[in-house]
Amino acid sequence: MPVSLKSPAEIDAMRRAGRVVAEVLALVESELRPGVTTAHLDALAEAHIRRSGALPSFKGYPGANPRRPFPASICVSIDAEIVHGIPGERTIREGQLVSIDAGAIVDGWHGDGARTFFIGEPPESIRELIETTRLAMMAGIAAAQPGNHVQDIGAAVEDVARPKGYGVIRQFVGHGIGRAMHEDPQVPNYRSGLPGRKLEPGLCLAIEPMFTLGSHEAMMLPDDWTIVTRDGSLAAHFEHSIAITQHGPEILTTV
């Protein structure tokens with residue numbers, strides 16, 4: 001899809017969509033506890049999205065298999081699942097790493113965001129994985145300055161991961177966002193070797209690093225959606241939608 005620059009009024013609509021996404025992530029976090037089913041979390045999220053006058057952008061989204069669109073309103077990915085975990089009858093357990101990805105549409109404009117949580121008190125290695133992934137997202141956002149290029153974002157993210165030895169997922173990347181959930185340009189979380197698009201005011205992006213405690217290699221499960229680490233290592237995922245303004249990046253997925 002061609003890259004489009006958004007007007008101030010269009011960015012304001014994306015702020016409203018982003019606010020719904022942020023509210024959903026906070027709501028799900030408040031309900032995350034041992035014994036809760038992932039289907040229950042999805043039902044709460046969808047109810048809040050619709051109650052807010054928005055639409056769940058994930059529900060019915062086409063995937064690799066056109067006969068199996070995504071069936072839920074949020075993605076719930078557990079432990080070695082990186083992204084696109086399907087909510088269902090699984091129950092959350094103590095000691096699990098849980099990544100929640102949410103999307104909402106307001107007046108035709110999209111918001112997209114994700115966070116990773118730990119159920120209980122995390123071991124230091126897992127706490128560090130979660131916090132480093134979040135910090136890498138923020139470093140990528142800070143690099144999204146007018147006049148920079150897409151690769152500056154990926155370089156900033158990669159530079160946070162590299163000293164820790166984490167796997168940086170390459171198969172899935174950030175993206176433009178606006179009237180569609182996924183627009184150009186793609187936003188890798190690593191140095192691609194090409195500068196990529198020049199960043200300018202009105203460009204809206206979803207920046208979303210995914211780090212693992214092992215290899216960067218990933219594979220899809222037979223459900224045609226869930227992406228897991230090939231070596232079974234734990235994974236974390238953070239995402240914000242942002243708008244590039246003349247003064248720098250503005251986070252849209254916040255309350």
# chains A, B, ... in the order shown; residues from 1 in each chain; ligands from 1

$ residues_around --residues "Glu200 (chain A)" --least-positions-apart "3" --cutoff "9 Å" --atoms "only C-alpha atoms" --output "list in words"
Leu5, Gln145, Pro146, Gly147, Asn148, His149, Leu203, Ile244, Thr245 and Gln246 of chain A

$ closest_atom_pairs --of "region 136-180 of chain A" --to "region 184-192 of chain A" --cutoff "7 Å" --atoms "only C-alpha atoms" --output "Markdown table"
| residue | atom | partner | partner_atom | distance |
| --- | --- | --- | --- | --- |
| A:Val150 | CA | A:Val187 | CA | 6.2 |
| A:Gln151 | CA | A:Arg191 | CA | 6.0 |
| A:Gly154 | CA | A:Asn189 | CA | 4.2 |
| A:Ala155 | CA | A:Arg191 | CA | 5.2 |
| A:Val157 | CA | A:Asn189 | CA | 5.6 |
| A:Glu158 | CA | A:Tyr190 | CA | 5.0 |
| A:Val173 | CA | A:Pro188 | CA | 4.8 |
| A:Gly174 | CA | A:Val187 | CA | 4.4 |
| A:His175 | CA | A:Gln186 | CA | 4.4 |
| A:Gly176 | CA | A:Asp184 | CA | 4.9 |

$ write_last_selection --atoms "N, CA and C atoms" --output "compact mmCIF listing (two decimals), in the first residue's frame"
# COMPACT_ATOMS: atom_id res chain seq x y z
N VAL A 150 14.11 5.31 7.86
CA VAL A 150 13.57 4.11 8.53
C VAL A 150 14.70 3.30 9.17
N GLN A 151 15.84 3.18 8.50
CA GLN A 151 16.92 2.37 9.07
C GLN A 151 17.42 2.93 10.40
N GLY A 154 15.50 1.08 13.02
CA GLY A 154 15.98 -0.29 13.21
C GLY A 154 17.33 -0.35 13.89
N ALA A 155 18.22 0.58 13.55
CA ALA A 155 19.55 0.61 14.17
C ALA A 155 19.44 0.88 15.66
N VAL A 157 16.90 0.21 17.64
CA VAL A 157 16.35 -0.98 18.29
C VAL A 157 17.43 -2.05 18.42
N GLU A 158 18.12 -2.33 17.34
CA GLU A 158 19.15 -3.37 17.35
C GLU A 158 20.25 -3.05 18.35
N VAL A 173 8.09 -7.35 11.31
CA VAL A 173 8.66 -6.02 11.50
C VAL A 173 7.54 -5.02 11.78
N GLY A 174 7.95 -3.79 12.13
CA GLY A 174 6.99 -2.71 12.25
C GLY A 174 6.50 -2.26 10.88
N HIS A 175 5.63 -1.25 10.88
CA HIS A 175 4.96 -0.93 9.62
C HIS A 175 4.31 0.45 9.69
N GLY A 176 4.00 0.98 8.51
CA GLY A 176 3.15 2.15 8.45
C GLY A 176 1.75 1.80 8.92

$ atom_distance --atom1 "CA of Arg67 (chain A)" --atom2 "CA of Ile82 (chain A)"
22.5 Å

$ residues_around --residues "Ile86 (chain A)" --least-positions-apart "6" --cutoff "7 Å" --atoms "only C-alpha atoms" --output "ChimeraX atom specification"
/A:72,75-76,226

$ atom_distance --atom1 "CA of Glu239 (chain A)" --atom2 "CA of His48 (chain A)"
19.7 Å

$ closest_residue --among "A:Gly165, A:Gly111, A:Pro195, A:Pro34" --to "Arg15 (chain A)" --atoms "only C-alpha atoms"
A:Gly111

$ select_by_dssp --residues "region 90-155 of chain A" --states "strand (DSSP E)" --output "PyMOL selection string"
chain A and resi 97-106+109-118

$ closest_residue --among "A:Arg19, A:Arg33, A:Arg127, A:Arg162" --to "Val106 (chain A)" --atoms "only C-alpha atoms"
A:Arg19

$ atom_distance --atom1 "CA of Trp225 (chain A)" --atom2 "CA of Val3 (chain A)"
26.2 Å

$ residues_around --residues "Phe118 (chain A)" --least-positions-apart "3" --cutoff "7 Å" --atoms "only C-alpha atoms" --output "ChimeraX atom specification"
/A:95-98,122

$ decode --residues "region 7-123 of chain A" --atoms "C-alpha atoms" --output "PDB file, in the first residue's frame"
ATOM      1  CA  SER A   7      -3.218  15.635   8.143  1.00  0.00           C
ATOM      2  CA  PRO A   8      -3.608  16.986  11.706  1.00  0.00           C
ATOM      3  CA  ALA A   9      -7.306  16.002  11.671  1.00  0.00           C
ATOM      4  CA  GLU A  10      -6.456  12.479  10.544  1.00  0.00           C
ATOM      5  CA  ILE A  11      -3.783  12.131  13.219  1.00  0.00           C
ATOM      6  CA  ASP A  12      -6.355  13.245  15.781  1.00  0.00           C
ATOM      7  CA  ALA A  13      -8.602  10.362  14.679  1.00  0.00           C
ATOM      8  CA  MET A  14      -5.635   8.023  15.104  1.00  0.00           C
ATOM      9  CA  ARG A  15      -5.115   9.402  18.616  1.00  0.00           C
ATOM     10  CA  ARG A  16      -8.658   8.307  19.440  1.00  0.00           C
ATOM     11  CA  ALA A  17      -8.013   4.840  18.058  1.00  0.00           C
ATOM     12  CA  GLY A  18      -4.714   4.683  19.924  1.00  0.00           C
ATOM     13  CA  ARG A  19      -6.396   5.665  23.165  1.00  0.00           C
ATOM     14  CA  VAL A  20      -8.799   2.720  22.830  1.00  0.00           C
ATOM     15  CA  VAL A  21      -5.850   0.380  22.259  1.00  0.00           C
ATOM     16  CA  ALA A  22      -4.055   1.715  25.349  1.00  0.00           C
ATOM     17  CA  GLU A  23      -7.231   1.277  27.416  1.00  0.00           C
ATOM     18  CA  VAL A  24      -7.586  -2.319  26.217  1.00  0.00           C
ATOM     19  CA  LEU A  25      -4.005  -3.163  27.162  1.00  0.00           C
ATOM     20  CA  ALA A  26      -4.523  -1.656  30.629  1.00  0.00           C
ATOM     21  CA  LEU A  27      -7.805  -3.539  31.050  1.00  0.00           C
ATOM     22  CA  VAL A  28      -6.270  -6.865  30.066  1.00  0.00           C
ATOM     23  CA  GLU A  29      -3.313  -6.257  32.382  1.00  0.00           C
ATOM     24  CA  SER A  30      -5.734  -5.711  35.285  1.00  0.00           C
ATOM     25  CA  GLU A  31      -7.349  -9.092  34.560  1.00  0.00           C
ATOM     26  CA  LEU A  32      -4.177 -11.115  34.014  1.00  0.00           C
ATOM     27  CA  ARG A  33      -3.972 -13.715  36.761  1.00  0.00           C
ATOM     28  CA  PRO A  34      -3.633 -17.483  37.096  1.00  0.00           C
ATOM     29  CA  GLY A  35      -6.803 -19.309  36.077  1.00  0.00           C
ATOM     30  CA  VAL A  36      -8.133 -16.700  33.661  1.00  0.00           C
ATOM     31  CA  THR A  37      -8.780 -18.024  30.165  1.00  0.00           C
ATOM     32  CA  THR A  38      -7.391 -16.255  27.153  1.00  0.00           C
ATOM     33  CA  ALA A  39     -10.928 -16.301  25.693  1.00  0.00           C
ATOM     34  CA  HIS A  40     -12.129 -14.291  28.713  1.00  0.00           C
ATOM     35  CA  LEU A  41      -9.426 -11.687  28.103  1.00  0.00           C
ATOM     36  CA  ASP A  42     -10.460 -11.464  24.462  1.00  0.00           C
ATOM     37  CA  ALA A  43     -14.135 -11.042  25.363  1.00  0.00           C
ATOM     38  CA  LEU A  44     -13.301  -8.201  27.767  1.00  0.00           C
ATOM     39  CA  ALA A  45     -11.168  -6.517  25.127  1.00  0.00           C
ATOM     40  CA  GLU A  46     -13.787  -6.757  22.398  1.00  0.00           C
ATOM     41  CA  ALA A  47     -16.516  -5.452  24.702  1.00  0.00           C
ATOM     42  CA  HIS A  48     -14.404  -2.420  25.607  1.00  0.00           C
ATOM     43  CA  ILE A  49     -13.478  -1.708  21.990  1.00  0.00           C
ATOM     44  CA  ARG A  50     -17.107  -1.775  20.852  1.00  0.00           C
ATOM     45  CA  ARG A  51     -18.329   0.136  23.909  1.00  0.00           C
ATOM     46  CA  SER A  52     -15.845   2.865  22.965  1.00  0.00           C
ATOM     47  CA  GLY A  53     -17.432   3.230  19.527  1.00  0.00           C
ATOM     48  CA  ALA A  54     -14.523   1.472  17.837  1.00  0.00           C
ATOM     49  CA  LEU A  55     -14.121  -1.743  15.862  1.00  0.00           C
ATOM     50  CA  PRO A  56     -11.625  -4.539  16.630  1.00  0.00           C
ATOM     51  CA  SER A  57      -9.181  -4.405  13.740  1.00  0.00           C
ATOM     52  CA  PHE A  58      -7.813  -7.919  14.287  1.00  0.00           C
ATOM     53  CA  LYS A  59     -11.126  -9.788  14.112  1.00  0.00           C
ATOM     54  CA  GLY A  60     -11.552 -11.258  10.642  1.00  0.00           C
ATOM     55  CA  TYR A  61      -8.143 -10.029   9.478  1.00  0.00           C
ATOM     56  CA  PRO A  62      -6.866 -12.183   6.575  1.00  0.00           C
ATOM     57  CA  GLY A  63      -3.735 -14.209   7.115  1.00  0.00           C
ATOM     58  CA  ALA A  64      -1.508 -16.692   5.305  1.00  0.00           C
ATOM     59  CA  ASN A  65      -4.495 -18.998   4.785  1.00  0.00           C
ATOM     60  CA  PRO A  66      -7.392 -16.975   3.338  1.00  0.00           C
ATOM     61  CA  ARG A  67      -9.841 -19.542   4.669  1.00  0.00           C
ATOM     62  CA  ARG A  68      -8.736 -18.873   8.248  1.00  0.00           C
ATOM     63  CA  PRO A  69      -9.031 -15.161   9.107  1.00  0.00           C
ATOM     64  CA  PHE A  70      -8.008 -14.189  12.620  1.00  0.00           C
ATOM     65  CA  PRO A  71     -10.919 -15.174  14.893  1.00  0.00           C
ATOM     66  CA  ALA A  72     -10.414 -12.837  17.850  1.00  0.00           C
ATOM     67  CA  SER A  73     -10.033  -9.184  18.870  1.00  0.00           C
ATOM     68  CA  ILE A  74      -6.622  -9.458  20.546  1.00  0.00           C
ATOM     69  CA  CYS A  75      -3.596 -11.703  20.182  1.00  0.00           C
ATOM     70  CA  VAL A  76      -2.485 -13.551  23.325  1.00  0.00           C
ATOM     71  CA  SER A  77       0.976 -15.079  22.889  1.00  0.00           C
ATOM     72  CA  ILE A  78       2.447 -17.155  25.721  1.00  0.00           C
ATOM     73  CA  ASP A  79       6.092 -18.001  26.508  1.00  0.00           C
ATOM     74  CA  ALA A  80       7.760 -19.098  23.221  1.00  0.00           C
ATOM     75  CA  GLU A  81       4.906 -17.646  21.159  1.00  0.00           C
ATOM     76  CA  ILE A  82       6.169 -14.417  19.602  1.00  0.00           C
ATOM     77  CA  VAL A  83       3.019 -12.958  18.015  1.00  0.00           C
ATOM     78  CA  HIS A  84      -0.486 -13.807  16.755  1.00  0.00           C
ATOM     79  CA  GLY A  85      -1.454 -16.258  19.486  1.00  0.00           C
ATOM     80  CA  ILE A  86      -5.171 -17.081  19.217  1.00  0.00           C
ATOM     81  CA  PRO A  87      -7.294 -16.672  22.372  1.00  0.00           C
ATOM     82  CA  GLY A  88      -9.240 -19.761  23.418  1.00  0.00           C
ATOM     83  CA  GLU A  89      -9.779 -22.068  26.369  1.00  0.00           C
ATOM     84  CA  ARG A  90      -6.160 -21.986  27.542  1.00  0.00           C
ATOM     85  CA  THR A  91      -5.808 -20.719  31.096  1.00  0.00           C
ATOM     86  CA  ILE A  92      -3.107 -18.326  32.229  1.00  0.00           C
ATOM     87  CA  ARG A  93      -0.688 -19.884  34.726  1.00  0.00           C
ATOM     88  CA  GLU A  94       1.748 -18.537  37.284  1.00  0.00           C
ATOM     89  CA  GLY A  95       5.218 -18.118  35.819  1.00  0.00           C
ATOM     90  CA  GLN A  96       4.125 -17.476  32.242  1.00  0.00           C
ATOM     91  CA  LEU A  97       5.260 -14.719  29.898  1.00  0.00           C
ATOM     92  CA  VAL A  98       2.193 -13.253  28.184  1.00  0.00           C
ATOM     93  CA  SER A  99       2.258 -10.835  25.231  1.00  0.00           C
ATOM     94  CA  ILE A 100      -0.944  -8.961  24.373  1.00  0.00           C
ATOM     95  CA  ASP A 101      -1.390  -7.272  20.993  1.00  0.00           C
ATOM     96  CA  ALA A 102      -4.481  -5.114  20.378  1.00  0.00           C
ATOM     97  CA  GLY A 103      -5.878  -3.078  17.518  1.00  0.00           C
ATOM     98  CA  ALA A 104      -8.849  -0.726  17.139  1.00  0.00           C
ATOM     99  CA  ILE A 105     -10.443   1.311  14.355  1.00  0.00           C
ATOM    100  CA  VAL A 106     -12.105   4.682  14.998  1.00  0.00           C
ATOM    101  CA  ASP A 107     -13.813   6.418  12.073  1.00  0.00           C
ATOM    102  CA  GLY A 108     -11.752   4.319   9.674  1.00  0.00           C
ATOM    103  CA  TRP A 109      -8.383   5.030  11.342  1.00  0.00           C
ATOM    104  CA  HIS A 110      -6.258   2.399  13.072  1.00  0.00           C
ATOM    105  CA  GLY A 111      -4.375   2.106  16.340  1.00  0.00           C
ATOM    106  CA  ASP A 112      -2.076  -0.847  17.112  1.00  0.00           C
ATOM    107  CA  GLY A 113      -0.121  -1.622  20.277  1.00  0.00           C
ATOM    108  CA  ALA A 114       1.373  -4.469  22.312  1.00  0.00           C
ATOM    109  CA  ARG A 115       2.892  -5.207  25.708  1.00  0.00           C
ATOM    110  CA  THR A 116       4.470  -8.197  27.431  1.00  0.00           C
ATOM    111  CA  PHE A 117       3.695  -9.182  31.026  1.00  0.00           C
ATOM    112  CA  PHE A 118       4.878 -11.822  33.472  1.00  0.00           C
ATOM    113  CA  ILE A 119       2.476 -13.674  35.740  1.00  0.00           C
ATOM    114  CA  GLY A 120       4.029 -13.517  39.186  1.00  0.00           C
ATOM    115  CA  GLU A 121       7.499 -12.353  40.130  1.00  0.00           C
ATOM    116  CA  PRO A 122       9.821 -12.764  37.115  1.00  0.00           C
ATOM    117  CA  PRO A 123      13.312 -14.223  37.337  1.00  0.00           C
TER     118      PRO A 123
END
